[in-house]
file my_file_26.csv (CSV, N, CA and C atoms)
chain,number,residue,atom,x,y,z
A,5,PRO,N,53.7,-28.0,101.5
A,5,PRO,CA,54.3,-29.0,100.7
A,5,PRO,C,54.2,-30.4,101.4
A,6,ALA,N,54.2,-31.4,100.6
A,6,ALA,CA,54.0,-32.8,101.2
A,6,ALA,C,55.1,-33.2,102.1
A,7,GLY,N,56.4,-32.7,101.8
A,7,GLY,CA,57.5,-33.1,102.7
A,7,GLY,C,57.3,-32.6,104.1
A,8,ARG,N,56.9,-31.3,104.3
A,8,ARG,CA,56.6,-30.8,105.6
A,8,ARG,C,55.5,-31.5,106.2
A,9,ARG,N,54.4,-31.7,105.5
A,9,ARG,CA,53.2,-32.4,106.0
A,9,ARG,C,53.6,-33.8,106.6
A,10,GLY,N,54.4,-34.5,105.8
A,10,GLY,CA,54.9,-35.8,106.3
A,10,GLY,C,55.6,-35.8,107.6
A,11,LEU,N,56.4,-34.7,107.8
A,11,LEU,CA,57.1,-34.6,109.0
A,11,LEU,C,56.2,-34.3,110.2
A,12,LEU,N,55.1,-33.6,110.0
A,12,LEU,CA,54.2,-33.2,111.0
A,12,LEU,C,53.2,-34.3,111.4
A,13,GLU,N,53.0,-35.2,110.4
A,13,GLU,CA,52.0,-36.2,110.6
A,13,GLU,C,52.5,-37.6,110.8
A,14,GLY,N,53.8,-37.8,110.5
A,14,GLY,CA,54.4,-39.1,110.6
A,14,GLY,C,54.6,-39.6,112.0
A,15,GLU,N,55.0,-40.9,112.1
A,15,GLU,CA,55.3,-41.4,113.5
A,15,GLU,C,56.5,-40.7,114.0
A,16,GLY,N,56.4,-40.4,115.3
A,16,GLY,CA,57.5,-39.6,116.0
A,16,GLY,C,57.6,-38.2,115.6
A,17,ALA,N,56.4,-37.6,115.1
A,17,ALA,CA,56.4,-36.2,114.7
A,17,ALA,C,56.8,-35.3,115.8
A,18,PRO,N,57.6,-34.3,115.5
A,18,PRO,CA,58.0,-33.4,116.6
A,18,PRO,C,56.9,-32.5,117.0
A,19,LEU,N,57.1,-31.9,118.2
A,19,LEU,CA,56.1,-30.8,118.7
A,19,LEU,C,56.3,-29.6,117.7
A,20,PHE,N,55.2,-29.1,117.4
A,20,PHE,CA,55.2,-27.9,116.4
A,20,PHE,C,54.1,-26.9,116.9
A,21,ARG,N,54.6,-25.7,116.9
A,21,ARG,CA,53.6,-24.6,117.3
A,21,ARG,C,53.7,-23.6,116.1
A,22,THR,N,52.5,-23.1,115.7
A,22,THR,CA,52.4,-22.1,114.7
A,22,THR,C,51.5,-21.0,115.2
A,23,ILE,N,51.8,-19.8,114.8
A,23,ILE,CA,50.9,-18.7,115.1
A,23,ILE,C,50.6,-18.0,113.7
A,24,LEU,N,49.4,-18.1,113.3
A,24,LEU,CA,49.0,-17.6,112.0
A,24,LEU,C,48.2,-16.3,112.1
A,25,SER,N,48.5,-15.4,111.2
A,25,SER,CA,47.8,-14.2,111.2
A,25,SER,C,46.3,-14.4,110.7
A,26,GLU,N,45.4,-13.8,111.4
A,26,GLU,CA,44.0,-13.9,111.0
A,26,GLU,C,43.9,-13.3,109.5
A,27,ALA,N,44.7,-12.3,109.2
A,27,ALA,CA,44.6,-11.8,107.9
A,27,ALA,C,44.9,-12.8,106.8
A,28,ALA,N,45.9,-13.7,107.1
A,28,ALA,CA,46.3,-14.7,106.2
A,28,ALA,C,45.1,-15.7,106.0
A,29,LEU,N,44.4,-16.0,107.1
A,29,LEU,CA,43.3,-16.9,107.0
A,29,LEU,C,42.1,-16.3,106.2
A,30,ARG,N,42.0,-15.0,106.4
A,30,ARG,CA,40.8,-14.4,105.7
A,30,ARG,C,41.1,-13.9,104.3
A,31,THR,N,42.3,-14.0,103.8
A,31,THR,CA,42.6,-13.6,102.5
A,31,THR,C,42.1,-14.7,101.5
A,32,ALA,N,41.1,-14.4,100.7
A,32,ALA,CA,40.4,-15.3,99.9
A,32,ALA,C,41.3,-15.9,98.8
A,33,LEU,N,41.2,-17.1,98.5
A,33,LEU,CA,41.8,-17.8,97.4
A,33,LEU,C,40.9,-17.6,96.2
A,34,ARG,N,41.5,-17.8,95.0
A,34,ARG,CA,40.7,-17.7,93.8
A,34,ARG,C,39.6,-18.8,93.8
A,35,SER,N,40.0,-19.9,94.4
A,35,SER,CA,39.0,-21.1,94.4
A,35,SER,C,38.5,-21.2,95.9
A,36,THR,N,37.2,-21.0,96.0
A,36,THR,CA,36.6,-21.1,97.3
A,36,THR,C,36.8,-22.5,97.8
A,37,GLU,N,36.7,-23.5,97.0
A,37,GLU,CA,36.9,-24.9,97.4
A,37,GLU,C,38.3,-25.1,98.0
A,38,GLU,N,39.3,-24.5,97.4
A,38,GLU,CA,40.6,-24.7,97.9
A,38,GLU,C,40.8,-23.9,99.3
A,39,TRP,N,40.1,-22.8,99.4
A,39,TRP,CA,40.1,-22.1,100.7
A,39,TRP,C,39.5,-22.9,101.8
A,40,ARG,N,38.3,-23.5,101.4
A,40,ARG,CA,37.6,-24.4,102.4
A,40,ARG,C,38.6,-25.6,102.8
A,41,ASP,N,39.2,-26.2,101.7
A,41,ASP,CA,40.1,-27.3,102.0
A,41,ASP,C,41.2,-26.9,103.0
A,42,GLN,N,41.8,-25.7,102.8
A,42,GLN,CA,42.8,-25.3,103.7
A,42,GLN,C,42.4,-25.1,105.1
A,43,LEU,N,41.2,-24.5,105.2
A,43,LEU,CA,40.6,-24.3,106.6
A,43,LEU,C,40.3,-25.6,107.2
A,44,GLU,N,39.8,-26.5,106.5
A,44,GLU,CA,39.5,-27.9,107.0
A,44,GLU,C,40.8,-28.6,107.4
A,45,HIS,N,41.8,-28.4,106.6
A,45,HIS,CA,43.1,-29.0,107.0
A,45,HIS,C,43.7,-28.4,108.3
A,46,LEU,N,43.6,-27.1,108.4
A,46,LEU,CA,44.0,-26.4,109.6
A,46,LEU,C,43.3,-27.0,110.8
A,47,SER,N,42.0,-27.1,110.7
A,47,SER,CA,41.1,-27.6,111.8
A,47,SER,C,41.5,-29.0,112.2
A,48,GLU,N,41.8,-29.8,111.2
A,48,GLU,CA,42.2,-31.2,111.5
A,48,GLU,C,43.6,-31.3,112.1
A,49,MET,N,44.5,-30.5,111.6
A,49,MET,CA,45.8,-30.4,112.2
A,49,MET,C,45.8,-29.9,113.6
A,50,ALA,N,45.0,-29.0,113.9
A,50,ALA,CA,44.9,-28.4,115.3
A,50,ALA,C,44.5,-29.4,116.3
A,51,GLU,N,43.9,-30.5,115.8
A,51,GLU,CA,43.5,-31.6,116.7
A,51,GLU,C,44.6,-32.5,117.1
A,52,ARG,N,45.7,-32.5,116.4
A,52,ARG,CA,46.8,-33.4,116.6
A,52,ARG,C,47.5,-33.1,117.9
A,53,PRO,N,47.9,-34.1,118.7
A,53,PRO,CA,48.5,-33.8,120.0
A,53,PRO,C,49.9,-33.1,119.9
A,54,ASN,N,50.6,-33.2,118.8
A,54,ASN,CA,51.9,-32.6,118.7
A,54,ASN,C,51.9,-31.2,118.1
A,55,LEU,N,50.7,-30.7,117.7
A,55,LEU,CA,50.6,-29.4,117.0
A,55,LEU,C,49.8,-28.4,117.8
A,56,THR,N,50.3,-27.2,118.0
A,56,THR,CA,49.6,-26.2,118.6
A,56,THR,C,49.4,-25.1,117.6
A,57,LEU,N,48.1,-24.7,117.3
A,57,LEU,CA,47.8,-23.7,116.4
A,57,LEU,C,47.2,-22.5,117.2
A,58,GLN,N,47.7,-21.3,117.0
A,58,GLN,CA,47.1,-20.1,117.5
A,58,GLN,C,47.0,-19.1,116.4
A,59,VAL,N,45.9,-18.3,116.5
A,59,VAL,CA,45.6,-17.3,115.5
A,59,VAL,C,45.9,-15.9,116.1
A,60,LEU,N,46.6,-15.1,115.4
A,60,LEU,CA,46.9,-13.7,115.9
A,60,LEU,C,45.8,-12.9,115.2
A,61,PRO,N,44.9,-12.4,116.1
A,61,PRO,CA,43.7,-11.6,115.5
A,61,PRO,C,44.2,-10.3,114.9
A,62,GLN,N,43.4,-9.8,114.0
A,62,GLN,CA,43.8,-8.6,113.3
A,62,GLN,C,43.8,-7.4,114.4
A,63,SER,N,43.0,-7.6,115.4
A,63,SER,CA,42.9,-6.5,116.4
A,63,SER,C,44.2,-6.4,117.2
A,64,ALA,N,45.1,-7.3,117.1
A,64,ALA,CA,46.4,-7.2,117.8
A,64,ALA,C,47.3,-6.1,117.2
A,65,GLY,N,47.0,-5.7,115.9
A,65,GLY,CA,47.7,-4.7,115.3
A,65,GLY,C,49.1,-5.1,114.9
A,66,LEU,N,50.0,-4.1,114.6
A,66,LEU,CA,51.4,-4.4,114.2
A,66,LEU,C,52.1,-5.0,115.4
A,67,HIS,N,53.1,-5.9,115.1
A,67,HIS,CA,53.9,-6.5,116.1
A,67,HIS,C,55.3,-6.7,115.5
A,68,GLY,N,56.2,-7.2,116.3
A,68,GLY,CA,57.6,-7.4,115.9
A,68,GLY,C,57.9,-8.2,114.8
A,69,LEU,N,56.9,-9.1,114.3
A,69,LEU,CA,57.2,-9.9,113.2
A,69,LEU,C,56.2,-9.7,112.1
A,70,SER,N,55.6,-8.5,112.0
A,70,SER,CA,54.7,-8.2,111.0
A,70,SER,C,55.3,-8.4,109.6
A,71,SER,N,54.6,-9.0,108.7
A,71,SER,CA,55.1,-9.3,107.4
A,71,SER,C,56.3,-10.3,107.3
A,72,THR,N,56.5,-11.1,108.4
A,72,THR,CA,57.6,-12.0,108.4
A,72,THR,C,57.1,-13.4,108.8
A,73,ASP,N,57.5,-14.3,107.9
A,73,ASP,CA,57.3,-15.8,108.3
A,73,ASP,C,58.6,-16.2,108.8
A,74,VAL,N,58.6,-16.8,110.0
A,74,VAL,CA,59.9,-17.3,110.6
A,74,VAL,C,59.7,-18.7,111.1
A,75,TRP,N,60.7,-19.5,110.9
A,75,TRP,CA,60.8,-20.8,111.5
A,75,TRP,C,62.1,-20.8,112.3
A,76,PHE,N,61.9,-21.3,113.6
A,76,PHE,CA,63.1,-21.5,114.4
A,76,PHE,C,63.5,-23.0,114.4
A,77,LEU,N,64.7,-23.3,114.1
A,77,LEU,CA,65.1,-24.7,113.9
A,77,LEU,C,66.3,-25.0,114.9
A,78,ARG,N,66.1,-26.0,115.7
A,78,ARG,CA,67.1,-26.4,116.7
A,78,ARG,C,68.0,-27.4,116.0
A,79,LEU,N,69.3,-27.1,115.9
A,79,LEU,CA,70.2,-28.0,115.2
A,79,LEU,C,70.8,-29.0,116.1
A,80,PRO,N,71.3,-30.1,115.6
A,80,PRO,CA,71.9,-31.2,116.5
A,80,PRO,C,72.9,-30.7,117.5
A,81,ASP,N,73.6,-29.6,117.2
A,81,ASP,CA,74.6,-29.1,118.2
A,81,ASP,C,73.9,-28.2,119.2
A,82,SER,N,72.6,-28.1,119.3
A,82,SER,CA,71.7,-27.3,120.2
A,82,SER,C,71.7,-25.9,119.9
A,83,ARG,N,72.3,-25.5,118.7
A,83,ARG,CA,72.2,-24.1,118.3
A,83,ARG,C,70.9,-23.9,117.6
A,84,THR,N,70.3,-22.7,117.8
A,84,THR,CA,69.0,-22.3,117.1
A,84,THR,C,69.3,-21.4,116.0
A,85,VAL,N,68.7,-21.7,114.8
A,85,VAL,CA,68.8,-20.8,113.7
A,85,VAL,C,67.4,-20.4,113.3
A,86,ALA,N,67.3,-19.3,112.5
A,86,ALA,CA,66.0,-18.9,112.1
A,86,ALA,C,65.9,-18.9,110.5
A,87,HIS,N,64.8,-19.3,110.0
A,87,HIS,CA,64.6,-19.2,108.6
A,87,HIS,C,63.4,-18.3,108.3
A,88,THR,N,63.7,-17.2,107.6
A,88,THR,CA,62.6,-16.3,107.2
A,88,THR,C,62.2,-16.6,105.8
A,89,GLU,N,60.9,-16.4,105.5
A,89,GLU,CA,60.4,-16.6,104.1
A,89,GLU,C,59.6,-15.4,103.7
A,90,HIS,N,59.6,-15.1,102.4
A,90,HIS,CA,58.8,-14.1,101.8
A,90,HIS,C,58.3,-14.6,100.5
A,91,GLY,N,57.6,-13.8,99.7
A,91,GLY,CA,57.0,-14.2,98.5
A,91,GLY,C,58.0,-14.6,97.4
A,92,TYR,N,59.3,-14.3,97.6
A,92,TYR,CA,60.3,-14.6,96.5
A,92,TYR,C,61.4,-15.5,97.0
A,93,GLY,N,61.3,-16.0,98.2
A,93,GLY,CA,62.4,-16.9,98.6
A,93,GLY,C,62.5,-16.9,100.1
A,94,GLY,N,63.7,-17.3,100.6
A,94,GLY,CA,63.9,-17.3,102.0
A,94,GLY,C,65.3,-17.1,102.4
A,95,GLU,N,65.6,-16.9,103.7
A,95,GLU,CA,66.9,-16.7,104.1
A,95,GLU,C,67.2,-17.4,105.5
A,96,LEU,N,68.3,-18.0,105.6
A,96,LEU,CA,68.7,-18.6,106.8
A,96,LEU,C,69.5,-17.6,107.7
A,97,HIS,N,69.1,-17.5,108.9
A,97,HIS,CA,69.8,-16.5,109.8
A,97,HIS,C,70.5,-17.4,110.9
A,98,GLU,N,71.9,-17.3,110.9
A,98,GLU,CA,72.6,-18.1,111.9
A,98,GLU,C,73.3,-17.2,112.9
A,99,GLU,N,73.4,-15.9,112.7
A,99,GLU,CA,74.0,-15.1,113.7
A,99,GLU,C,73.1,-15.0,114.9
A,100,SER,N,73.7,-15.2,116.1
A,100,SER,CA,72.9,-15.4,117.3
A,100,SER,C,72.2,-14.1,117.7
A,101,VAL,N,72.8,-12.9,117.4
A,101,VAL,CA,72.1,-11.7,117.8
A,101,VAL,C,70.8,-11.5,117.0
A,102,ALA,N,70.8,-11.8,115.7
A,102,ALA,CA,69.6,-11.7,114.9
A,102,ALA,C,68.6,-12.7,115.3
A,103,VAL,N,69.0,-13.9,115.5
A,103,VAL,CA,68.1,-15.0,115.9
A,103,VAL,C,67.5,-14.7,117.2
A,104,GLU,N,68.3,-14.2,118.2
A,104,GLU,CA,67.7,-13.8,119.5
A,104,GLU,C,66.7,-12.7,119.4
A,105,ARG,N,66.9,-11.7,118.5
A,105,ARG,CA,66.0,-10.6,118.3
A,105,ARG,C,64.7,-11.2,117.8
A,106,MET,N,64.7,-12.1,116.8
A,106,MET,CA,63.5,-12.6,116.2
A,106,MET,C,62.8,-13.5,117.3
A,107,GLN,N,63.6,-14.2,118.1
A,107,GLN,CA,63.0,-15.1,119.1
A,107,GLN,C,62.3,-14.3,120.1
A,108,ARG,N,62.8,-13.2,120.5
A,108,ARG,CA,62.1,-12.3,121.5
A,108,ARG,C,60.8,-11.8,120.9
A,109,ALA,N,60.9,-11.4,119.7
A,109,ALA,CA,59.6,-10.9,119.0
A,109,ALA,C,58.6,-12.0,119.0
A,110,TYR,N,59.0,-13.2,118.6
A,110,TYR,CA,58.1,-14.4,118.6
A,110,TYR,C,57.6,-14.7,119.9
A,111,ASP,N,58.4,-14.7,121.0
A,111,ASP,CA,58.0,-15.0,122.3
A,111,ASP,C,56.9,-14.1,122.8
A,112,ALA,N,56.8,-12.9,122.3
A,112,ALA,CA,55.7,-12.0,122.7
A,112,ALA,C,54.4,-12.3,122.0
A,113,MET,N,54.4,-13.0,120.9
A,113,MET,CA,53.2,-13.2,120.1
A,113,MET,C,52.2,-14.1,120.8
A,114,PRO,N,52.5,-15.2,121.5
A,114,PRO,CA,51.4,-16.0,122.1
A,114,PRO,C,50.5,-15.2,123.0
A,115,ASP,N,51.1,-14.2,123.6
A,115,ASP,CA,50.2,-13.4,124.5
A,115,ASP,C,49.3,-12.5,123.7
A,116,LEU,N,49.6,-12.2,122.5
A,116,LEU,CA,48.7,-11.4,121.6
A,116,LEU,C,47.7,-12.3,120.9
A,117,ALA,N,48.0,-13.6,120.7
A,117,ALA,CA,47.2,-14.5,119.9
A,117,ALA,C,46.1,-15.1,120.7
A,118,LEU,N,45.1,-15.6,120.0
A,118,LEU,CA,44.0,-16.3,120.6
A,118,LEU,C,44.6,-17.6,121.2
A,119,SER,N,43.9,-18.2,122.2
A,119,SER,CA,44.3,-19.5,122.8
A,119,SER,C,44.1,-20.5,121.7
A,120,PRO,N,44.7,-21.7,121.8
A,120,PRO,CA,44.5,-22.8,120.9
A,120,PRO,C,43.0,-23.1,120.7
A,121,ALA,N,42.3,-23.1,121.8
A,121,ALA,CA,40.8,-23.5,121.7
A,121,ALA,C,40.1,-22.3,121.0
A,122,GLU,N,40.4,-21.1,121.3
A,122,GLU,CA,39.7,-20.0,120.6
A,122,GLU,C,40.1,-19.9,119.1
A,123,SER,N,41.3,-20.3,118.9
A,123,SER,CA,41.8,-20.3,117.5
A,123,SER,C,41.1,-21.3,116.7
A,124,GLN,N,40.9,-22.5,117.3
A,124,GLN,CA,40.1,-23.6,116.6
A,124,GLN,C,38.7,-23.1,116.3
A,125,LYS,N,38.1,-22.5,117.3
A,125,LYS,CA,36.7,-22.0,117.1
A,125,LYS,C,36.6,-21.0,116.0
A,126,LEU,N,37.6,-20.1,115.9
A,126,LEU,CA,37.7,-19.1,114.8
A,126,LEU,C,37.8,-19.8,113.4
A,127,VAL,N,38.7,-20.8,113.3
A,127,VAL,CA,38.8,-21.5,112.1
A,127,VAL,C,37.5,-22.2,111.7
A,128,LEU,N,36.9,-22.8,112.7
A,128,LEU,CA,35.6,-23.5,112.4
A,128,LEU,C,34.5,-22.5,112.0
A,129,ARG,N,34.5,-21.3,112.7
A,129,ARG,CA,33.5,-20.3,112.4
A,129,ARG,C,33.7,-19.8,110.9
A,130,MET,N,35.0,-19.6,110.5
A,130,MET,CA,35.2,-19.2,109.2
A,130,MET,C,34.8,-20.2,108.2
A,131,LEU,N,35.1,-21.5,108.5
A,131,LEU,CA,34.7,-22.6,107.6
A,131,LEU,C,33.2,-22.6,107.5
A,132,GLU,N,32.4,-22.4,108.6
A,132,GLU,CA,31.0,-22.4,108.5
A,132,GLU,C,30.5,-21.3,107.7
A,133,GLU,N,31.1,-20.1,107.8
A,133,GLU,CA,30.7,-18.9,107.0
A,133,GLU,C,30.9,-19.2,105.5
A,134,LEU,N,32.0,-19.9,105.2
A,134,LEU,CA,32.3,-20.2,103.8
A,134,LEU,C,31.2,-21.2,103.3
A,135,LEU,N,30.9,-22.2,104.1
A,135,LEU,CA,29.9,-23.2,103.7
A,135,LEU,C,28.5,-22.7,103.5
A,136,CYS,N,28.2,-21.6,104.3
A,136,CYS,CA,26.9,-21.1,104.3
A,136,CYS,C,26.7,-19.9,103.3
A,137,HIS,N,27.9,-19.4,102.8
A,137,HIS,CA,27.8,-18.2,101.9
A,137,HIS,C,27.2,-18.6,100.6
A,138,PRO,N,26.2,-17.9,100.1
A,138,PRO,CA,25.5,-18.3,98.9
A,138,PRO,C,26.4,-18.3,97.6
A,139,SER,N,27.6,-17.6,97.6
A,139,SER,CA,28.4,-17.7,96.4
A,139,SER,C,29.3,-18.9,96.4
A,140,THR,N,29.3,-19.7,97.4
A,140,THR,CA,30.2,-20.9,97.5
A,140,THR,C,29.5,-22.1,97.0
call {"tool": "encode", "arguments": {"input": "my_file_26.csv", "output": "structure tokens"}}
result
Amino acid sequence: PAGRRGLLEGEGAPLFRTILSEAALRTALRSTEEWRDQLEHLSEMAERPNLTLQVLPQSAGLHGLSSTDVWFLRLPDSRTVAHTEHGYGGELHEESVAVERMQRAYDAMPDLALSPAESQKLVLRMLEELLCHPST
């Protein structure tokens, strides 16, 4: 959404790290053009100094956050909460035990993911494959 994009691209944008599943990147959209646009946008965003993009390869297998989209948010009182999303909505988790469990699962993921440079190469390779594919 444009609101989130504005926060990440605007002046004084916060540091942001995301780890995306390779499966999510490889899931075709109905419109190949939109798929290309998304990959191009990811590639451009990965170049921003405040953003770190890592791709979790399919070879990593199941992990502690399989099928879970989670955002960790630091509140002004220094408390961390977690927001999980799924296809039908989202949920805010404020209880520290649940947030800590998700944080531990997330903290293990960068070790399973490709480095930012390798992730960028994968996105560019996928983009090249889409551009060269005869059906696009």
call {"tool": "select_by_dssp", "arguments": {"input": "my_file_26.csv", "residues": "range 68-128 of chain A", "states": "strand (DSSP E or B)", "output": "ChimeraX atom specification"}}
result
/A:73-78,84-90,93-97
call {"tool": "residues_around", "arguments": {"input": "my_file_26.csv", "residues": "Ser63 in chain A", "least_positions_apart": "2", "cutoff": "8 Å", "atoms": "only N, CA and C atoms", "output": "VMD selection string"}}
result
chain A and resid 26 to 27 60 to 61 65 to 66 116
call {"tool": "atom_distance", "arguments": {"input": "my_file_26.csv", "atom1": "atom C of Pro80 in chain A", "atom2": "atom N of Ala17 in chain A"}}
result
18.0 Å
call {"tool": "select_by_dssp", "arguments": {"input": "my_file_26.csv", "residues": "range 79-140 of chain A", "states": "alpha helix (DSSP H)", "output": "ChimeraX atom specification"}}
result
/A:100-116,120-136
call {"tool": "residues_around", "arguments": {"input": "my_file_26.csv", "residues": "Phe20 in chain A", "least_positions_apart": "5", "cutoff": "8 Å", "atoms": "only C-alpha atoms", "output": "PyMOL selection string"}}
result
chain A and resi 12+54-56
call {"tool": "write_last_selection", "arguments": {"input": "my_file_26.csv", "atoms": "N, CA and C atoms", "output": "PDB file, in the frame of the given file"}}
result
ATOM      1  N   LEU A  12      55.100 -33.600 110.000  1.00  0.00           N
ATOM      2  CA  LEU A  12      54.200 -33.200 111.000  1.00  0.00           C
ATOM      3  C   LEU A  12      53.200 -34.300 111.400  1.00  0.00           C
ATOM      4  N   ASN A  54      50.600 -33.200 118.800  1.00  0.00           N
ATOM      5  CA  ASN A  54      51.900 -32.600 118.700  1.00  0.00           C
ATOM      6  C   ASN A  54      51.900 -31.200 118.100  1.00  0.00           C
ATOM      7  N   LEU A  55      50.700 -30.700 117.700  1.00  0.00           N
ATOM      8  CA  LEU A  55      50.600 -29.400 117.000  1.00  0.00           C
ATOM      9  C   LEU A  55      49.800 -28.400 117.800  1.00  0.00           C
ATOM     10  N   THR A  56      50.300 -27.200 118.000  1.00  0.00           N
ATOM     11  CA  THR A  56      49.600 -26.200 118.600  1.00  0.00           C
ATOM     12  C   THR A  56      49.400 -25.100 117.600  1.00  0.00           C
TER      13      THR A  56
END
call {"tool": "closest_residue", "arguments": {"input": "my_file_26.csv", "among": "A:Ser100, A:Ser123, A:Thr31, A:Thr84", "to": "Val59 in chain A", "atoms": "only N, CA and C atoms"}}
result
A:Ser123
call {"tool": "atom_distance", "arguments": {"input": "my_file_26.csv", "atom1": "CA of Glu51 in chain A", "atom2": "atom C of Glu37 in chain A"}}
result
20.5 Å
call {"tool": "atom_distance", "arguments": {"input": "my_file_26.csv", "atom1": "atom N of His97 in chain A", "atom2": "CA of Leu77 in chain A"}}
result
9.6 Å
call {"tool": "residues_around", "arguments": {"input": "my_file_26.csv", "residues": "Phe76 in chain A", "least_positions_apart": "3", "cutoff": "8 Å", "atoms": "only N, CA and C atoms", "output": "short mmCIF file (atom, residue, chain, number, x, y, z; two decimals) with N, CA and C atoms, in the coordinates of the input"}}
result
data_model
loop_
_atom_site.label_atom_id
_atom_site.label_comp_id
_atom_site.auth_asym_id
_atom_site.auth_seq_id
_atom_site.Cartn_x
_atom_site.Cartn_y
_atom_site.Cartn_z
N ASP A 73 57.50 -14.30 107.90
CA ASP A 73 57.30 -15.80 108.30
C ASP A 73 58.60 -16.20 108.80
N LEU A 79 69.30 -27.10 115.90
CA LEU A 79 70.20 -28.00 115.20
C LEU A 79 70.80 -29.00 116.10
N THR A 84 70.30 -22.70 117.80
CA THR A 84 69.00 -22.30 117.10
C THR A 84 69.30 -21.40 116.00
N VAL A 85 68.70 -21.70 114.80
CA VAL A 85 68.80 -20.80 113.70
C VAL A 85 67.40 -20.40 113.30
N ALA A 86 67.30 -19.30 112.50
CA ALA A 86 66.00 -18.90 112.10
C ALA A 86 65.90 -18.90 110.50
N HIS A 87 64.80 -19.30 110.00
CA HIS A 87 64.60 -19.20 108.60
C HIS A 87 63.40 -18.30 108.30
N THR A 88 63.70 -17.20 107.60
CA THR A 88 62.60 -16.30 107.20
C THR A 88 62.20 -16.60 105.80
N GLN A 107 63.60 -14.20 118.10
CA GLN A 107 63.00 -15.10 119.10
C GLN A 107 62.30 -14.30 120.10
#
call {"tool": "closest_residue", "arguments": {"input": "my_file_26.csv", "among": "A:Asp111, A:Met106, A:Gly16, A:Leu43", "to": "Leu29 in chain A", "atoms": "all atoms listed in the file"}}
result
A:Leu43
call {"tool": "closest_residue", "arguments": {"input": "my_file_26.csv", "among": "A:His67, A:Arg40, A:Glu98, A:Arg83", "to": "Val127 in chain A", "atoms": "only C-alpha atoms"}}
result
A:Arg40
call {"tool": "decode", "arguments": {"input": "my_file_26.csv", "residues": "range 75-80 of chain A", "atoms": "all heavy atoms", "output": "mmCIF file, in the first residue's frame"}}
result
data_model
loop_
_atom_site.group_PDB
_atom_site.id
_atom_site.type_symbol
_atom_site.label_atom_id
_atom_site.label_comp_id
_atom_site.auth_asym_id
_atom_site.auth_seq_id
_atom_site.Cartn_x
_atom_site.Cartn_y
_atom_site.Cartn_z
ATOM 1 N N TRP A 75 5.301 -8.599 11.593
ATOM 2 C CA TRP A 75 5.969 -7.301 11.697
ATOM 3 C C TRP A 75 6.228 -7.075 13.170
ATOM 4 O O TRP A 75 5.335 -7.244 13.997
ATOM 5 C CB TRP A 75 5.065 -6.178 11.209
ATOM 6 C CG TRP A 75 4.770 -6.163 9.754
ATOM 7 C CD1 TRP A 75 4.158 -7.139 9.022
ATOM 8 C CD2 TRP A 75 5.043 -5.113 8.852
ATOM 9 N NE1 TRP A 75 4.036 -6.747 7.718
ATOM 10 C CE2 TRP A 75 4.566 -5.496 7.595
ATOM 11 C CE3 TRP A 75 5.636 -3.866 8.999
ATOM 12 C CZ2 TRP A 75 4.680 -4.686 6.474
ATOM 13 C CZ3 TRP A 75 5.733 -3.065 7.877
ATOM 14 C CH2 TRP A 75 5.273 -3.482 6.628
ATOM 15 N N PHE A 76 7.443 -6.676 13.505
ATOM 16 C CA PHE A 76 7.761 -6.292 14.880
ATOM 17 C C PHE A 76 7.790 -4.775 14.928
ATOM 18 O O PHE A 76 8.459 -4.136 14.121
ATOM 19 C CB PHE A 76 9.106 -6.876 15.322
ATOM 20 C CG PHE A 76 9.080 -8.374 15.384
ATOM 21 C CD1 PHE A 76 9.623 -9.136 14.362
ATOM 22 C CD2 PHE A 76 8.490 -9.031 16.453
ATOM 23 C CE1 PHE A 76 9.580 -10.518 14.405
ATOM 24 C CE2 PHE A 76 8.438 -10.410 16.502
ATOM 25 C CZ PHE A 76 8.992 -11.155 15.471
ATOM 26 N N LEU A 77 7.071 -4.225 15.871
ATOM 27 C CA LEU A 77 6.945 -2.781 15.977
ATOM 28 C C LEU A 77 7.432 -2.329 17.342
ATOM 29 O O LEU A 77 6.989 -2.853 18.366
ATOM 30 C CB LEU A 77 5.479 -2.367 15.791
ATOM 31 C CG LEU A 77 4.803 -2.941 14.536
ATOM 32 C CD1 LEU A 77 3.302 -2.830 14.644
ATOM 33 C CD2 LEU A 77 5.324 -2.239 13.311
ATOM 34 N N ARG A 78 8.361 -1.382 17.355
ATOM 35 C CA ARG A 78 8.854 -0.818 18.610
ATOM 36 C C ARG A 78 8.001 0.398 18.940
ATOM 37 O O ARG A 78 7.923 1.336 18.163
ATOM 38 C CB ARG A 78 10.318 -0.431 18.486
ATOM 39 C CG ARG A 78 10.887 0.283 19.663
ATOM 40 C CD ARG A 78 11.662 -0.504 20.633
ATOM 41 N NE ARG A 78 12.536 -1.460 19.994
ATOM 42 C CZ ARG A 78 13.028 -2.485 20.633
ATOM 43 N NH1 ARG A 78 12.758 -2.669 21.885
ATOM 44 N NH2 ARG A 78 13.803 -3.340 20.028
ATOM 45 N N LEU A 79 7.334 0.335 20.084
ATOM 46 C CA LEU A 79 6.451 1.411 20.509
ATOM 47 C C LEU A 79 7.253 2.508 21.211
ATOM 48 O O LEU A 79 8.378 2.271 21.658
ATOM 49 C CB LEU A 79 5.374 0.860 21.439
ATOM 50 C CG LEU A 79 4.484 -0.236 20.837
ATOM 51 C CD1 LEU A 79 3.481 -0.728 21.867
ATOM 52 C CD2 LEU A 79 3.782 0.266 19.590
ATOM 53 N N PRO A 80 6.680 3.713 21.323
ATOM 54 C CA PRO A 80 7.401 4.818 21.976
ATOM 55 C C PRO A 80 7.862 4.495 23.403
ATOM 56 O O PRO A 80 8.868 5.030 23.854
ATOM 57 C CB PRO A 80 6.374 5.963 21.974
ATOM 58 C CG PRO A 80 5.484 5.662 20.823
ATOM 59 C CD PRO A 80 5.406 4.160 20.757
#
